[in-house]
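Novice: Here you go, this is protein_23.cif (mmCIF, C-alpha atoms and all ligand atoms).
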```cif
data_run
loop_
_atom_site.label_atom_id
_atom_site.label_comp_id
_atom_site.auth_asym_id
_atom_site.auth_seq_id
_atom_site.Cartn_x
_atom_site.Cartn_y
_atom_site.Cartn_z
CA MET A 1 96.11 77.29 139.65
CA PHE A 2 99.22 76.05 141.43
CA LEU A 3 101.46 78.08 139.14
CA ASP A 4 99.30 81.12 139.76
CA ASP A 5 99.72 80.80 143.55
CA LEU A 6 103.41 80.19 143.18
CA LEU A 7 103.89 83.32 141.10
CA THR A 8 101.85 85.42 143.50
CA ASP A 9 103.89 84.12 146.43
CA PHE A 10 107.11 85.53 145.05
CA GLY A 11 105.91 88.79 146.54
CA PRO A 12 105.59 92.42 145.49
CA ARG A 13 109.20 92.93 144.36
CA PHE A 14 108.53 90.75 141.32
CA ARG A 15 104.90 91.73 140.95
CA VAL A 16 105.17 93.39 137.56
CA PRO A 17 107.08 90.76 135.56
CA LEU A 18 105.34 87.88 137.29
CA GLY A 19 101.98 89.51 136.72
CA ALA A 20 102.87 89.62 133.04
CA ILE A 21 103.83 85.94 132.99
CA ARG A 22 100.58 85.05 134.71
CA THR A 23 98.69 87.12 132.14
CA GLY A 24 100.58 85.40 129.33
CA LEU A 25 99.56 82.00 130.67
CA ARG A 26 95.97 83.01 131.14
CA TYR A 27 95.30 85.19 128.09
CA GLY A 28 97.93 84.04 125.59
CA ARG A 29 99.68 87.44 125.48
CA MET A 30 101.98 89.35 127.77
CA PRO A 31 101.04 93.03 127.43
CA LEU A 32 104.27 94.60 128.67
CA PHE A 33 103.97 97.83 126.68
CA VAL A 34 100.83 99.80 126.03
CA SER A 35 100.49 102.78 123.73
CA TRP A 36 97.38 104.57 124.92
CA ILE A 37 95.68 107.09 122.65
CA VAL A 38 93.80 108.85 125.44
CA THR A 39 92.03 111.24 123.07
CA ASN A 40 91.86 112.17 119.41
CA ARG A 41 91.09 115.79 120.28
CA CYS A 42 93.83 118.32 119.67
CA ASN A 43 94.48 122.05 119.91
CA LEU A 44 96.45 122.00 116.61
CA ARG A 45 95.52 120.98 113.07
CA CYS A 46 98.77 119.69 111.58
CA VAL A 47 98.69 119.16 107.83
CA TYR A 48 99.72 115.49 108.04
CA CYS A 49 97.43 114.37 110.87
CA GLY A 50 93.77 113.39 110.85
CA CYS A 51 93.36 112.70 114.58
CA PRO A 52 91.47 115.90 115.48
CA HIS A 53 88.90 115.13 112.79
CA ILE A 54 87.98 111.73 114.23
CA LYS A 55 85.00 112.14 116.50
CA THR A 56 85.08 109.32 119.03
CA ALA A 57 83.74 108.78 122.48
CA GLU A 58 86.37 108.72 125.23
CA LEU A 59 86.75 106.66 128.35
CA SER A 60 85.43 108.57 131.35
CA THR A 61 87.84 109.41 134.14
CA GLU A 62 86.58 106.50 136.24
CA GLN A 63 86.90 104.08 133.31
CA ALA A 64 90.41 105.34 132.54
CA LEU A 65 91.47 104.94 136.19
CA ARG A 66 90.04 101.43 136.30
CA LEU A 67 91.97 100.59 133.14
CA VAL A 68 95.24 101.74 134.75
CA THR A 69 94.60 99.54 137.77
CA GLU A 70 93.78 96.55 135.56
CA MET A 71 96.87 97.11 133.43
CA ALA A 72 99.04 97.22 136.55
CA ASP A 73 97.43 94.05 137.92
CA LEU A 74 98.03 92.25 134.63
CA GLY A 75 101.73 93.14 134.64
CA VAL A 76 101.99 96.03 132.18
CA LEU A 77 105.46 97.54 132.57
CA ALA A 78 105.16 100.78 130.64
CA VAL A 79 102.38 102.91 129.22
CA HIS A 80 103.01 105.53 126.56
CA ILE A 81 100.30 108.18 126.62
CA THR A 82 99.59 109.78 123.28
CA GLY A 83 96.80 111.22 121.15
CA GLY A 84 95.58 113.49 119.55
CA GLU A 85 97.02 115.87 122.11
CA PRO A 86 96.88 114.09 125.47
CA LEU A 87 97.31 117.31 127.47
CA VAL A 88 93.87 118.53 126.39
CA ARG A 89 92.41 115.84 128.66
CA LYS A 90 91.66 117.74 131.85
CA ASP A 91 91.81 114.56 133.94
CA LEU A 92 95.28 113.55 132.72
CA ASP A 93 96.71 114.46 136.14
CA ARG A 94 94.47 111.85 137.76
CA ILE A 95 95.45 109.23 135.18
CA VAL A 96 99.20 109.79 135.60
CA SER A 97 98.82 109.93 139.34
CA ARG A 98 97.22 106.44 139.22
CA LEU A 99 100.09 105.25 136.98
CA ARG A 100 102.62 106.57 139.52
CA SER A 101 100.87 104.95 142.46
CA THR A 102 100.60 101.57 140.72
CA GLY A 103 104.29 101.66 139.75
CA VAL A 104 103.72 101.47 135.98
CA ARG A 105 106.33 103.51 134.08
CA PHE A 106 104.87 106.12 131.76
CA GLY A 107 105.89 108.37 128.91
CA ILE A 108 103.94 111.13 127.20
CA SER A 109 103.88 112.42 123.60
CA THR A 110 102.85 116.06 123.25
CA ASN A 111 102.94 118.97 120.85
CA GLY A 112 104.31 121.08 123.72
CA THR A 113 101.70 123.86 123.76
CA LEU A 114 100.37 123.08 127.24
CA VAL A 115 103.56 121.81 128.87
CA PRO A 116 104.34 125.00 130.88
CA LYS A 117 100.74 125.15 132.19
CA ARG A 118 100.62 121.48 133.12
CA GLN A 119 104.19 121.01 134.34
CA ALA A 120 103.14 118.85 137.31
CA LEU A 121 102.04 116.07 134.95
CA PHE A 122 105.65 115.32 134.13
CA GLU A 123 106.83 114.49 137.63
CA GLY A 124 107.93 110.87 137.61
CA CYS A 125 107.51 110.68 133.83
CA SER A 126 110.12 108.41 132.21
CA SER A 127 110.31 110.34 128.97
CA VAL A 128 108.50 113.02 127.03
CA SER A 129 108.34 113.03 123.24
CA LEU A 130 107.94 116.48 121.68
CA SER A 131 107.41 116.89 117.96
CA LEU A 132 109.84 119.24 116.20
CA ASP A 133 110.16 118.97 112.42
CA GLY A 134 112.67 121.79 111.81
CA PRO A 135 113.03 125.59 112.07
CA PRO A 136 109.86 127.73 111.81
CA ILE A 137 109.93 127.74 108.01
CA VAL A 138 109.43 123.96 108.09
CA HIS A 139 107.77 123.12 111.42
CA ASP A 140 105.37 126.06 111.66
CA GLN A 141 104.27 125.41 108.09
CA HIS A 142 103.27 121.87 109.19
CA ARG A 143 101.72 122.93 112.49
CA LYS A 144 101.03 126.64 113.19
CA THR A 145 102.82 129.98 113.37
CA GLY A 146 104.79 130.30 116.61
CA GLN A 147 104.83 126.57 117.34
CA VAL A 148 108.62 126.18 117.33
CA ALA A 149 108.79 128.76 120.13
CA GLU A 150 106.21 126.75 122.10
CA VAL A 151 108.15 123.51 121.65
CA LEU A 152 111.36 125.17 122.82
CA ASP A 153 109.55 126.59 125.87
CA ALA A 154 108.40 123.06 126.65
CA CYS A 155 112.00 121.83 126.29
CA ARG A 156 113.13 124.48 128.80
CA VAL A 157 110.50 123.41 131.32
CA LEU A 158 111.29 119.71 130.95
CA SER A 159 115.05 120.16 131.15
CA SER A 160 114.61 122.20 134.36
CA MET A 161 112.72 119.18 135.74
CA ASP A 162 115.38 116.72 134.54
CA VAL A 163 112.83 114.75 132.52
CA GLU A 164 114.25 112.78 129.59
CA THR A 165 113.16 114.64 126.47
CA ARG A 166 112.96 113.19 122.98
CA LEU A 167 112.40 115.33 119.93
CA VAL A 168 110.42 113.46 117.28
CA SER A 169 111.11 114.85 113.84
CA LEU A 170 109.18 113.93 110.71
CA VAL A 171 111.03 113.75 107.43
CA THR A 172 108.72 115.39 104.88
CA ARG A 173 109.08 117.05 101.50
CA ASN A 174 110.10 120.24 103.36
CA THR A 175 112.96 118.59 105.28
CA THR A 176 116.52 119.51 104.32
CA THR A 177 119.88 118.62 105.78
CA ASP A 178 119.91 122.11 107.35
CA SER A 179 116.47 121.68 108.89
CA MET A 180 117.64 118.39 110.45
CA ARG A 181 120.74 120.22 111.74
CA PHE A 182 118.49 122.81 113.39
CA VAL A 183 116.61 120.09 115.28
CA MET A 184 119.87 118.44 116.38
CA GLU A 185 121.19 121.80 117.61
CA GLN A 186 118.08 122.35 119.74
CA ALA A 187 118.47 118.83 121.12
CA GLN A 188 122.06 119.66 122.09
CA VAL A 189 120.95 122.83 123.91
CA TYR A 190 118.33 121.00 125.99
CA GLY A 191 120.16 117.71 126.53
CA ALA A 192 117.62 115.85 124.37
CA LYS A 193 117.92 113.22 121.63
CA VAL A 194 116.21 113.44 118.25
CA TYR A 195 114.25 110.54 116.80
CA PHE A 196 113.69 110.95 113.08
CA GLN A 197 110.96 109.10 111.23
CA PRO A 198 109.50 109.35 107.72
CA ALA A 199 106.13 111.06 107.34
CA LEU A 200 103.71 108.42 106.07
CA ASP A 201 102.24 108.67 102.58
CA VAL A 202 98.80 109.15 104.19
CA VAL A 203 97.43 111.72 106.59
CA LEU A 204 97.60 109.97 109.98
CA SER A 205 94.54 107.80 110.75
CA THR A 206 93.05 108.38 107.27
CA THR A 207 93.57 107.09 103.75
CA ASP A 208 94.00 110.63 102.34
CA GLU A 209 97.29 111.44 100.69
CA ASN A 210 99.70 113.28 102.95
CA PRO A 211 100.27 116.72 101.33
CA VAL A 212 103.84 116.91 102.62
CA VAL A 213 104.99 113.35 102.01
CA ALA A 214 108.53 113.27 100.60
CA GLN A 215 109.67 111.32 97.57
CA SER A 216 111.29 108.06 98.52
CA LYS A 217 114.67 108.99 97.00
CA LYS A 218 114.80 112.07 99.21
CA VAL A 219 113.91 110.09 102.34
CA ASN A 220 116.49 107.44 101.50
CA ALA A 221 119.21 110.11 101.02
CA LEU A 222 118.33 112.04 104.20
CA PHE A 223 118.37 108.88 106.33
CA SER A 224 121.74 107.95 104.84
CA ASP A 225 122.98 111.43 105.89
CA LEU A 226 121.60 110.78 109.38
CA ILE A 227 123.71 107.62 109.67
CA ASP A 228 126.78 109.83 109.03
CA PHE A 229 125.57 112.44 111.56
CA LYS A 230 125.00 109.71 114.14
CA THR A 231 128.47 108.26 113.53
CA ALA A 232 129.87 111.78 113.98
CA GLY A 233 128.31 111.93 117.47
CA LYS A 234 125.22 114.09 116.85
CA PRO A 235 122.40 113.63 119.41
CA ILE A 236 120.33 111.21 117.36
CA GLY A 237 118.31 108.70 119.36
CA ASN A 238 117.60 106.24 116.52
CA SER A 239 120.06 103.37 116.41
CA VAL A 240 122.09 102.86 113.23
CA ALA A 241 120.06 99.69 112.54
CA SER A 242 116.84 101.76 112.81
CA LEU A 243 118.20 104.46 110.50
CA LYS A 244 119.12 101.80 107.95
CA HIS A 245 115.58 100.47 108.15
CA MET A 246 114.11 103.99 107.66
CA ALA A 247 116.49 104.60 104.74
CA ARG A 248 114.50 101.94 102.85
CA TRP A 249 111.18 103.75 103.18
CA PRO A 250 108.56 103.04 101.80
CA HIS A 251 109.70 99.52 101.01
CA GLN A 252 107.08 97.00 102.08
CA GLU A 253 107.78 93.39 102.91
CA PRO A 254 106.39 90.82 105.34
CA LEU A 255 108.09 91.66 108.65
CA ARG A 256 108.78 88.99 111.20
CA CYS A 257 108.21 90.55 114.58
CA MET A 258 107.46 89.15 118.00
CA LEU A 259 106.68 92.53 119.52
CA GLN A 260 102.99 92.28 118.82
CA ARG A 261 102.92 89.55 121.49
CA VAL A 262 103.97 92.11 124.10
CA ALA A 263 102.96 95.52 122.71
CA VAL A 264 99.39 96.70 122.28
CA ARG A 265 97.47 99.92 121.69
CA VAL A 266 94.38 101.24 123.38
CA ASP A 267 92.23 103.74 121.49
CA PRO A 268 90.28 106.61 123.11
CA GLN A 269 87.14 104.47 123.52
CA GLY A 270 89.12 101.67 125.17
CA VAL A 271 89.35 99.39 122.12
CA LEU A 272 92.42 97.19 122.32
CA LEU A 273 94.41 96.98 119.08
CA PRO A 274 97.61 95.26 118.04
CA CYS A 275 100.87 97.20 118.14
CA HIS A 276 100.67 98.40 114.57
CA GLU A 277 97.12 99.63 114.24
CA ARG A 278 95.47 102.89 115.12
CA ALA A 279 92.01 104.04 116.00
CA ASP A 280 90.81 103.66 112.42
CA ALA A 281 91.10 99.85 112.69
CA PRO A 282 87.72 98.64 113.89
CA ASP A 283 88.33 94.99 114.75
CA GLY A 284 89.47 95.18 118.37
CA VAL A 285 87.44 94.55 121.51
CA SER A 286 86.80 97.26 124.09
CA VAL A 287 88.21 96.94 127.59
CA LEU A 288 84.75 98.06 128.70
CA ASP A 289 83.33 94.68 127.61
CA GLY A 290 84.81 92.48 130.31
CA GLY A 291 88.09 94.22 131.09
CA PHE A 292 91.63 94.49 129.75
CA GLY A 293 92.38 90.75 130.10
CA SER A 294 89.28 89.70 128.23
CA ALA A 295 89.98 92.21 125.40
CA LEU A 296 93.52 90.84 125.28
CA SER A 297 92.40 87.27 124.76
CA SER A 298 90.24 88.38 121.78
CA LEU A 299 93.06 90.29 120.08
CA LYS A 300 93.85 89.00 116.60
CA SER A 301 97.46 88.80 115.46
CA LYS A 302 98.35 90.11 112.04
CA SER A 303 101.68 90.23 110.36
CA CYS A 304 103.03 93.64 109.47
CA THR A 305 104.39 94.74 106.14
CA GLU A 306 105.41 98.21 107.33
CA CYS A 307 106.94 99.66 110.48
CA TRP A 308 108.06 103.32 110.46
CA GLY A 309 107.35 104.82 113.91
CA SER A 310 110.74 105.57 115.47
CA SER A 311 110.16 103.85 118.82
CA ARG A 312 108.64 100.73 117.28
CA VAL A 313 111.41 100.38 114.73
CA GLN A 314 113.96 100.83 117.51
CA ALA A 315 112.27 98.30 119.76
CA ARG A 316 111.92 95.80 116.92
CA GLU A 317 115.58 96.14 115.94
CA SER A 318 116.78 95.83 119.57
CA PHE A 319 114.56 92.83 120.18
CA ARG A 320 115.80 91.10 117.03
CA ALA A 321 119.38 91.73 118.09
CA ASN A 322 118.85 90.55 121.65
CA PRO A 323 115.53 88.91 122.59
CA ALA A 324 116.75 88.44 126.18
CA GLU A 325 116.64 92.23 126.67
CA LEU A 326 112.86 92.29 126.61
CA ILE A 327 112.45 94.12 129.90
CA SER A 328 114.96 96.85 129.04
CA LEU A 329 112.81 97.59 125.98
CA ALA A 330 110.47 99.42 128.33
CA GLY A 331 112.56 102.57 127.91
CA THR A 332 112.64 102.20 124.14
CA MET A 333 108.90 101.76 123.91
CA LEU A 334 108.25 104.92 125.91
CA GLY A 335 108.80 106.98 122.80
CA SER A 336 106.59 108.55 120.23
CA GLN A 337 104.28 106.28 118.33
CA SER A 338 103.06 107.15 114.89
CA ALA A 339 100.84 104.88 112.89
CA ARG A 340 102.95 102.13 111.36
C1 LIG B 401 99.69 111.83 116.50
S1 LIG B 401 100.94 112.69 117.34
C2 LIG B 401 100.33 112.68 119.02
C3 LIG B 401 101.18 113.44 119.99
C4 LIG B 401 101.23 114.95 119.86
N1 LIG B 401 99.98 115.51 119.55
C5 LIG B 401 102.29 115.37 118.87
O1 LIG B 401 101.98 115.98 117.86
O2 LIG B 401 103.45 115.07 119.13
C6 LIG B 401 102.29 111.48 117.49
C7 LIG B 401 103.34 111.60 116.41
O3 LIG B 401 102.77 111.24 115.17
C8 LIG B 401 103.42 112.01 114.19
N2 LIG B 401 102.61 112.04 112.97
C9 LIG B 401 101.49 112.73 112.73
N3 LIG B 401 101.07 112.54 111.46
C10 LIG B 401 101.95 111.69 110.88
C11 LIG B 401 102.07 111.12 109.59
N4 LIG B 401 101.19 111.36 108.63
N5 LIG B 401 103.12 110.30 109.35
C12 LIG B 401 104.02 110.01 110.33
N6 LIG B 401 103.96 110.52 111.58
C13 LIG B 401 102.93 111.36 111.85
C14 LIG B 401 103.53 113.38 114.84
O4 LIG B 401 104.48 114.21 114.19
C15 LIG B 401 103.92 113.00 116.24
O5 LIG B 401 105.32 112.98 116.39
S1 LIG B 402 100.24 115.57 115.04
FE1 LIG B 402 99.77 115.87 117.20
S2 LIG B 402 99.57 118.09 117.38
FE2 LIG B 402 99.39 117.65 115.24
S3 LIG B 402 97.18 117.49 114.86
FE3 LIG B 402 98.00 115.42 115.22
S4 LIG B 402 97.68 115.08 117.34
FE4 LIG B 402 97.53 117.28 117.02
S1 LIG B 403 104.43 97.70 113.99
FE1 LIG B 403 106.60 97.15 113.97
S2 LIG B 403 107.10 96.70 116.11
FE2 LIG B 403 104.86 96.60 115.92
S3 LIG B 403 104.41 94.43 115.49
FE3 LIG B 403 104.59 95.48 113.52
S4 LIG B 403 106.73 95.20 112.87
FE4 LIG B 403 106.59 94.76 115.09
#
```
Let me see whether you can do it: turn the structure in this file into structure tokens.

Specialist:
Amino acid sequence: MFLDDLLTDFGPRFRVPLGAIRTGLRYGRMPLFVSWIVTNRCNLRCVYCGCPHIKTAELSTEQALRLVTEMADLGVLAVHITGGEPLVRKDLDRIVSRLRSTGVRFGISTNGTLVPKRQALFEGCSSVSLSLDGPPIVHDQHRKTGQVAEVLDACRVLSSMDVETRLVSLVTRNTTTDSMRFVMEQAQVYGAKVYFQPALDVVLSTTDENPVVAQSKKVNALFSDLIDFKTAGKPIGNSVASLKHMARWPHQEPLRCMLQRVAVRVDPQGVLLPCHERADAPDGVSVLDGGFGSALSSLKSKSCTECWGSSRVQARESFRANPAELISLAGTMLGSQSAR
């Protein structure tokens, strides 16, 4: 109790990190980074993604707003909003407005379709991750005809607002060195960085085989090329250490990682999950049953054998290189989050 009072007395300037320390003492985990799948609904049907087919209940607006307040009180530093397509949630403006007013940093992943219509959402947003897999012959084949044009429109809107934009590009069987060049050229035009990541062997959030998964030799070779592109100064956001990790896809090994102590996921129904699991993992506890802190104390730790999402890999590599830089990881974690 004494320590609690002492931490509170440091005052509002230190509220966020001290709140996290207090939470760590009380609940055994410090949830600094939250990846929040606000919905599984989506206005696209990408060939490699099963999210839109998962029918789940969603937190109501009031429940979502309460969750933001609780997260802020418990010291969460950064929330990455993802989906499904988060912009299909009509109340997203109220959710981000609560994030702004509580001082929690936030990032958003989107397919770009609704960015021009919902521009106001991005005010105060730390970074936006937009998926772009290549020129139309690659990307539109994965997503829908005309989607590249929509993503580039979104890039224009975001660059006019000076919002940090990240292009998240999946390496699939359709990826070529030229298609990666196309994405890097677009990044150059809009002042963005590209984060490449391998498409998983399964359709996201399912156990079905991904119809566009690449052969491992191809992935290994393309990531080796990306290391050369990065060294040559191309706008690639992945660190060299991350690219080296990706170049070993789909190698599986027990991974030592402390990030699951500070990074969690929340699914659309409010179920709290460890860093590496998605909505298809049923063993979390809902924040609706006693709040975020209580769900946190019930969270089970598991060791990972795979880690391929670009922002997680990046955060893991940076944390391994310099554990003292935990707080500056907030920016790294505000990137796109795929499954593993
Ligand atoms: C699930 S989407 C949610 C955000 C938004 N709807 C979008 O498409 O960017 C988040 C990221 O997961 C990636 N993704 C989807 N299916 C995947 C798969 N099977 N393997 C790896 N990444 C995948 C998407 O390309 C996207 O960059
Ligand atoms: S990858 Fe994103 S845009 Fe595509 S179906 Fe999944 S959630 Fe929707
Ligand atoms: S998914 Fe990656 S970053 Fe997250 S706990 Fe596992 S190894 Fe660490």

Novice: Find the residues around Ala321 of chain A up to 12 Å (all atoms listed in the file counted), leave out those fewer than 6 positions away in its own chain, and share them as a VMD selection string.

Specialist: chain A and resid 239 241 to 242 257 314 to 315 329

Novice: What is the distance between atom CA of Glu306 of chain A and atom CA of Gly107 of chain A, in Å to one decimal?

Specialist: 23.9 Å

Novice: Suppose you want the space between atom N4 of ligand LIG 401 (chain B) and atom CA of Lys55 of chain A; what is it in Å?

Specialist: 18.0 Å

Novice: Which of these residues is nearest to Gly19 of chain A, using only C-alpha atoms: A:Val76, A:Val266, A:Val213, A:Val219?

Specialist: A:Val76

Novice: If we count all atoms listed in the file and set the cut-off at 8 Å, which residues sit around Phe196 of chain A, ignoring sequence neighbours fewer than 2 positions away in its own chain? Please answer as a list in words.

Specialist: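 Non-adjacent residues within range: Val168, Ser169, Leu170, Val171, Val194, Pro198, Ile236, Asn238 and Ser310 of chain A.
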
Novice: Throw together the list of residues within 10 Å of ligand LIG 403 (chain B), counting all atoms listed in the file, and drop it here as a ChimeraX atom specification.

Specialist: /A:254-265,274-277,301-317,319,333,337-340

Novice: Counting only C-alpha atoms, what are the residues of segment 62-129 of chain A within 10 Å of segment 48-52 of chain A, and for each of them which pair of atoms is the nearest and at what distance in Å, to one decimal? Sort the table by chain and rising number, as CSV.

Specialist:
```
residue,atom,partner,partner_atom,distance
A:Gly83,CA,A:Cys51,CA,7.6
A:Gly84,CA,A:Cys51,CA,5.5
A:Glu85,CA,A:Pro52,CA,8.6
```

Novice: At a cut-off of 10 Å and counting only C-alpha atoms and all ligand atoms, what residues surround ligand LIG 402 (chain B)? Please answer as a PyMOL selection string.

Specialist: chain A and resi 37+39-53+82-86+109-113+130-131+142-144+147+203-205+338

Novice: In Å, rounded to a single decimal, give me how far atom CA of Asp162 of chain A is from atom CA of Gln186 of chain A.

Specialist: 16.1 Å

Novice: With 6 Å on each side, where is the centre of the axis-aligned box around all listed atoms of segment 293-311 of chain A, and how long are its edges in Å to one decimal, as AutoDock Vina command-line options?

Specialist:
```
--center_x 100.0 --center_y 96.4 --center_z 118.1 --size_x 33.5 --size_y 30.3 --size_z 36.0
```

Novice: Taking into account only C-alpha atoms, which residue in the set A:Pro31, A:Gly103, A:Pro235, A:Gly290 is nearest to Cys125 of chain A?

Specialist: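 The answer is A:Gly103, which sits nearest to Cys125 of chain A.
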
Novice: In terms of the shortest atom-to-atom distance over all atoms listed in the file, which of A:Asp201, A:Glu70, A:Asp289, A:Asp208 is closest to His251 of chain A?

Specialist: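 The shortest atom-to-atom distance to His251 of chain A comes from A:Asp201.
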
Novice: Restricting the calculation to only C-alpha atoms, which member of A:Ile137, A:Val115, A:Met180, A:Val104 is positioned closest to Val88 of chain A?

Specialist: A:Val115

Novice: Can you fill out segment 280-305 of chain A with N, CA and C atoms and hand it back as a PDB file, in the frame of the given file?

Specialist:
```pdb
ATOM      1  N   ASP A 280      91.664 103.863 113.586  1.00  0.00           N
ATOM      2  CA  ASP A 280      90.810 103.660 112.420  1.00  0.00           C
ATOM      3  C   ASP A 280      90.591 102.167 112.135  1.00  0.00           C
ATOM      4  N   ALA A 281      91.261 101.293 112.899  1.00  0.00           N
ATOM      5  CA  ALA A 281      91.100  99.850 112.690  1.00  0.00           C
ATOM      6  C   ALA A 281      89.999  99.354 113.621  1.00  0.00           C
ATOM      7  N   PRO A 282      88.911  98.871 113.058  1.00  0.00           N
ATOM      8  CA  PRO A 282      87.720  98.640 113.890  1.00  0.00           C
ATOM      9  C   PRO A 282      87.642  97.268 114.568  1.00  0.00           C
ATOM     10  N   ASP A 283      88.620  96.364 114.351  1.00  0.00           N
ATOM     11  CA  ASP A 283      88.330  94.990 114.750  1.00  0.00           C
ATOM     12  C   ASP A 283      88.827  94.576 116.133  1.00  0.00           C
ATOM     13  N   GLY A 284      89.071  95.538 117.009  1.00  0.00           N
ATOM     14  CA  GLY A 284      89.470  95.180 118.370  1.00  0.00           C
ATOM     15  C   GLY A 284      88.251  95.079 119.284  1.00  0.00           C
ATOM     16  N   VAL A 285      88.522  94.671 120.520  1.00  0.00           N
ATOM     17  CA  VAL A 285      87.440  94.550 121.510  1.00  0.00           C
ATOM     18  C   VAL A 285      87.685  95.589 122.602  1.00  0.00           C
ATOM     19  N   SER A 286      86.626  96.211 123.087  1.00  0.00           N
ATOM     20  CA  SER A 286      86.800  97.260 124.090  1.00  0.00           C
ATOM     21  C   SER A 286      87.089  96.670 125.469  1.00  0.00           C
ATOM     22  N   VAL A 287      87.950  97.360 126.213  1.00  0.00           N
ATOM     23  CA  VAL A 287      88.210  96.940 127.590  1.00  0.00           C
ATOM     24  C   VAL A 287      86.962  97.115 128.459  1.00  0.00           C
ATOM     25  N   LEU A 288      85.986  97.868 127.935  1.00  0.00           N
ATOM     26  CA  LEU A 288      84.750  98.060 128.700  1.00  0.00           C
ATOM     27  C   LEU A 288      83.873  96.802 128.688  1.00  0.00           C
ATOM     28  N   ASP A 289      84.127  95.921 127.671  1.00  0.00           N
ATOM     29  CA  ASP A 289      83.330  94.680 127.610  1.00  0.00           C
ATOM     30  C   ASP A 289      84.080  93.557 128.311  1.00  0.00           C
ATOM     31  N   GLY A 290      84.197  93.609 129.602  1.00  0.00           N
ATOM     32  CA  GLY A 290      84.810  92.480 130.310  1.00  0.00           C
ATOM     33  C   GLY A 290      86.240  92.708 130.764  1.00  0.00           C
ATOM     34  N   GLY A 291      86.779  93.903 130.534  1.00  0.00           N
ATOM     35  CA  GLY A 291      88.090  94.220 131.090  1.00  0.00           C
ATOM     36  C   GLY A 291      89.236  94.040 130.111  1.00  0.00           C
ATOM     37  N   PHE A 292      90.409  94.494 130.573  1.00  0.00           N
ATOM     38  CA  PHE A 292      91.630  94.490 129.750  1.00  0.00           C
ATOM     39  C   PHE A 292      92.034  93.061 129.381  1.00  0.00           C
ATOM     40  N   GLY A 293      91.972  92.138 130.339  1.00  0.00           N
ATOM     41  CA  GLY A 293      92.380  90.750 130.100  1.00  0.00           C
ATOM     42  C   GLY A 293      91.507  90.094 129.043  1.00  0.00           C
ATOM     43  N   SER A 294      90.207  90.323 129.161  1.00  0.00           N
ATOM     44  CA  SER A 294      89.280  89.700 128.230  1.00  0.00           C
ATOM     45  C   SER A 294      89.510  90.269 126.815  1.00  0.00           C
ATOM     46  N   ALA A 295      89.713  91.599 126.712  1.00  0.00           N
ATOM     47  CA  ALA A 295      89.980  92.210 125.400  1.00  0.00           C
ATOM     48  C   ALA A 295      91.277  91.639 124.822  1.00  0.00           C
ATOM     49  N   LEU A 296      92.216  91.375 125.702  1.00  0.00           N
ATOM     50  CA  LEU A 296      93.520  90.840 125.280  1.00  0.00           C
ATOM     51  C   LEU A 296      93.368  89.450 124.668  1.00  0.00           C
ATOM     52  N   SER A 297      92.528  88.640 125.282  1.00  0.00           N
ATOM     53  CA  SER A 297      92.400  87.270 124.760  1.00  0.00           C
ATOM     54  C   SER A 297      91.669  87.260 123.414  1.00  0.00           C
ATOM     55  N   SER A 298      90.942  88.344 123.081  1.00  0.00           N
ATOM     56  CA  SER A 298      90.240  88.380 121.780  1.00  0.00           C
ATOM     57  C   SER A 298      91.093  89.025 120.688  1.00  0.00           C
ATOM     58  N   LEU A 299      92.254  89.537 121.057  1.00  0.00           N
ATOM     59  CA  LEU A 299      93.060  90.290 120.080  1.00  0.00           C
ATOM     60  C   LEU A 299      93.567  89.375 118.976  1.00  0.00           C
ATOM     61  N   LYS A 300      93.374  89.824 117.715  1.00  0.00           N
ATOM     62  CA  LYS A 300      93.850  89.000 116.600  1.00  0.00           C
ATOM     63  C   LYS A 300      95.259  89.436 116.211  1.00  0.00           C
ATOM     64  N   SER A 301      96.109  88.462 115.919  1.00  0.00           N
ATOM     65  CA  SER A 301      97.460  88.800 115.460  1.00  0.00           C
ATOM     66  C   SER A 301      97.440  88.968 113.951  1.00  0.00           C
ATOM     67  N   LYS A 302      98.215  89.943 113.492  1.00  0.00           N
ATOM     68  CA  LYS A 302      98.350  90.110 112.040  1.00  0.00           C
ATOM     69  C   LYS A 302      99.817  90.359 111.764  1.00  0.00           C
ATOM     70  N   SER A 303     100.278  89.924 110.599  1.00  0.00           N
ATOM     71  CA  SER A 303     101.680  90.230 110.360  1.00  0.00           C
ATOM     72  C   SER A 303     101.785  91.588 109.681  1.00  0.00           C
ATOM     73  N   CYS A 304     102.859  92.281 109.990  1.00  0.00           N
ATOM     74  CA  CYS A 304     103.030  93.640 109.470  1.00  0.00           C
ATOM     75  C   CYS A 304     103.826  93.609 108.176  1.00  0.00           C
ATOM     76  N   THR A 305     103.555  94.581 107.334  1.00  0.00           N
ATOM     77  CA  THR A 305     104.390  94.740 106.140  1.00  0.00           C
ATOM     78  C   THR A 305     105.138  96.072 106.203  1.00  0.00           C
TER      79      THR A 305
END
```
